[in-house]
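A.B. asks: Structure below; questions to follow.
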Amino acid sequence: SKLFGGDATLCAESTMTLFSGLWFNTGTPTPEQLNWVGRIVTNYQHSEATIHFIICITGLLLIARLSDETKDRGAEAVPGWLRWSFFAALFFETWTMCVPYLLLFGWAWAAMMPPQSAIASTVEAMGGSPYLDGVQMGASLITMFWVSVLVLILDAWAMFRAWQFAMGGKDTFVLNTALFGGMTAAFAFYAGDFFNDGGRGANGHATLATITLDALHGLFGNDGNISMLDLARPSP
C-alpha cells in the first residue's frame, strides 16, 4: 500500500528491523531475531488489548453504578472490588505499557540520529526512495514518541485519580510517595537492567529483563518459546 508516496508496508518492516537490530545490538539481525521481536511485539499488544478491555469494562460499570445514585456520588457509592479493579488495571497499564512505550520510541528515534546505531545503515538500504521512506519512517517514530508523551501524561493522571477514588479520598502524601515513588525507582532499576551492556542476553546470563521478556514471548502462541539468550549469543 502507498501512503503519501511512501510504502507503508516497508515502513512497518523497517521499523521492526530497526528494533531487532537495537534489541540484539547488531547491524544485521537474523530471521530468527526478527521473528523473536515480531512475536514479542504481538504478544505485548495482546496483553495491552486485554488490559484496555478490563479498563473499559470496569470504567463503564463504575459510571453505571454512579449514574444509579441520586444522592451519594462518592466512593462509598461504588463497591470496593470495582474501584480497586479499575485502579489496578490503570496502574498496570501505566507502568508496563505507557512508560515503556516512551522509552522504546525514544530509543529508536535516538538510534537514527547522529551518531547512528549500527542498524541505521541496514534500515536505510531497505527502501527505494531514501527521501520518501525516510520521511515516512521519521514521521512514524517522531509521532509515536510524542503520542507516547501525551498518553503517559493523560494515563498517569487517570491512574492517580482512580487511586484517590479507590482510597475514598483517604490517600496521604506518605502513601502516594511510597506507591508512585517506589514504582518509579523499580522501573528505573528494570530499565537499567534492560539497557545495560549485558542486558537482553548479550552476556549469556539471564537477568530480570531477559526472564520477564522471555515469559512475555512465550505467553501466547503454541509454537514453543525461544529464549532471548539463545538468539543473543554469538554464533560459535
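Within each chain, counting starts at residue 1; across the C-alpha cells, chains are named A, B, ... in the order shown, with ligands numbered 1 upward in that order.
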Contacts of Thr143 of chain A at 12 Å or less, counting only C-alpha atoms, minus same-chain residues fewer than 5 places along, as a PDB file with C-alpha atoms, in the first residue's frame?
C.D. replies:
```pdb
ATOM      1  CA  LEU A 102       8.046   6.341  25.794  1.00  0.00           C
ATOM      2  CA  PHE A 105      10.301   5.017  20.836  1.00  0.00           C
ATOM      3  CA  GLY A 106      12.861   7.409  22.266  1.00  0.00           C
ATOM      4  CA  TRP A 109      14.467   7.795  17.493  1.00  0.00           C
ATOM      5  CA  VAL A 135      10.017  10.989   5.771  1.00  0.00           C
ATOM      6  CA  GLN A 136       7.510   8.220   6.443  1.00  0.00           C
ATOM      7  CA  MET A 137       9.608   6.344   8.986  1.00  0.00           C
ATOM      8  CA  GLY A 138      10.771   9.544  10.646  1.00  0.00           C
ATOM      9  CA  SER A 148       3.591   8.372  23.984  1.00  0.00           C
ATOM     10  CA  VAL A 149       4.404  11.532  25.940  1.00  0.00           C
ATOM     11  CA  LEU A 150       0.798  12.724  25.730  1.00  0.00           C
ATOM     12  CA  VAL A 151      -0.688   9.324  26.520  1.00  0.00           C
TER      13      VAL A 151
END
```
A.B. asks: Go through segment 29-225 of chain A and collect every residue that DSSP, computed from the backbone, puts in helix (DSSP H, G or I); the answer should be as an MDAnalysis selection string.
C.D. replies: chainID A and resid 31:68 75:77 80:111 120:124 130:166 173:195 208:217
A.B. asks: Env of Trp84 of chain A: 9 Å cut, atoms = only C-alpha atoms, seq-sep filter 5 positions within chain, self excluded. Answer as a list in words.
C.D. replies: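 Residues near the query, excluding close chain neighbours: Pro79, Ala89, Ala162, Trp163, Phe165, Ala166 and Met167 of chain A.
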A.B. asks: Restricting the output to C-alpha atoms, write the selected residues as a PDB file, in the first residue's frame.
C.D. replies:
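So again_11.pdb came out as:
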```pdb
ATOM      1  CA  PRO A  79     -18.241  -1.401  45.591  1.00  0.00           C
ATOM      2  CA  ALA A  89      -5.902  -2.014  35.531  1.00  0.00           C
ATOM      3  CA  ALA A 162      -8.504   6.288  40.216  1.00  0.00           C
ATOM      4  CA  TRP A 163      -6.149   5.733  43.155  1.00  0.00           C
ATOM      5  CA  PHE A 165     -11.194   7.305  44.320  1.00  0.00           C
ATOM      6  CA  ALA A 166     -10.260   3.754  45.334  1.00  0.00           C
ATOM      7  CA  MET A 167      -8.917   5.128  48.625  1.00  0.00           C
TER       8      MET A 167
END
```
A.B. asks: Just the residues within 9 Å of Asp214 of chain A, please, counting only C-alpha atoms, with nothing from its chain fewer than 6 positions along; format it as number ranges by chain.
C.D. replies: A: 40, 225-229
A.B. asks: Hey, what's within 12 Å of segment 175-183 of chain A if we count only C-alpha atoms and toss same-chain stuff fewer than 6 positions away? As a list of chain:residue names, please?
C.D. replies: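 Returned residues: A:Phe91, A:Phe92, A:Thr94, A:Trp95, A:Thr96, A:Val99, A:Ala156, A:Trp157, A:Met159, A:Phe160, A:Arg161, A:Trp163, A:Gln164, A:Met167, A:Gly169, A:Phe189, A:Tyr190, A:Ala191.
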A.B. asks: May I have the residues from that selection written out with C-alpha atoms, as a short mmCIF file (atom, residue, chain, number, x, y, z; two decimals), in the first residue's frame?
C.D. replies:
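Result file is out-v9.cif:
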```cif
data_model
loop_
_atom_site.label_atom_id
_atom_site.label_comp_id
_atom_site.auth_asym_id
_atom_site.auth_seq_id
_atom_site.Cartn_x
_atom_site.Cartn_y
_atom_site.Cartn_z
CA PHE A 91 -1.84 1.13 37.32
CA PHE A 92 -0.69 -1.95 35.41
CA THR A 94 0.72 2.89 33.04
CA TRP A 95 3.82 1.13 34.33
CA THR A 96 4.03 -1.77 31.89
CA VAL A 99 6.14 4.31 30.36
CA ALA A 156 -0.85 8.83 34.73
CA TRP A 157 -3.40 11.47 35.74
CA MET A 159 -4.38 6.42 37.32
CA PHE A 160 -3.78 8.90 40.13
CA ARG A 161 -7.43 9.96 40.22
CA TRP A 163 -6.15 5.73 43.16
CA GLN A 164 -7.71 8.62 45.08
CA MET A 167 -8.92 5.13 48.63
CA GLY A 169 -10.07 10.35 49.38
CA PHE A 189 16.04 -0.36 38.02
CA TYR A 190 14.31 -2.51 35.38
CA ALA A 191 15.14 -0.06 32.58
#
```
A.B. asks: With only C-alpha atoms as the atoms that count, which of A:Phe24, A:Asn35, A:Met97, A:Trp81 lies nearest to Thr50 of chain A?
C.D. replies: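 Between A:Phe24, A:Asn35, A:Met97, A:Trp81, the residue approaching Thr50 of chain A most closely is A:Met97.
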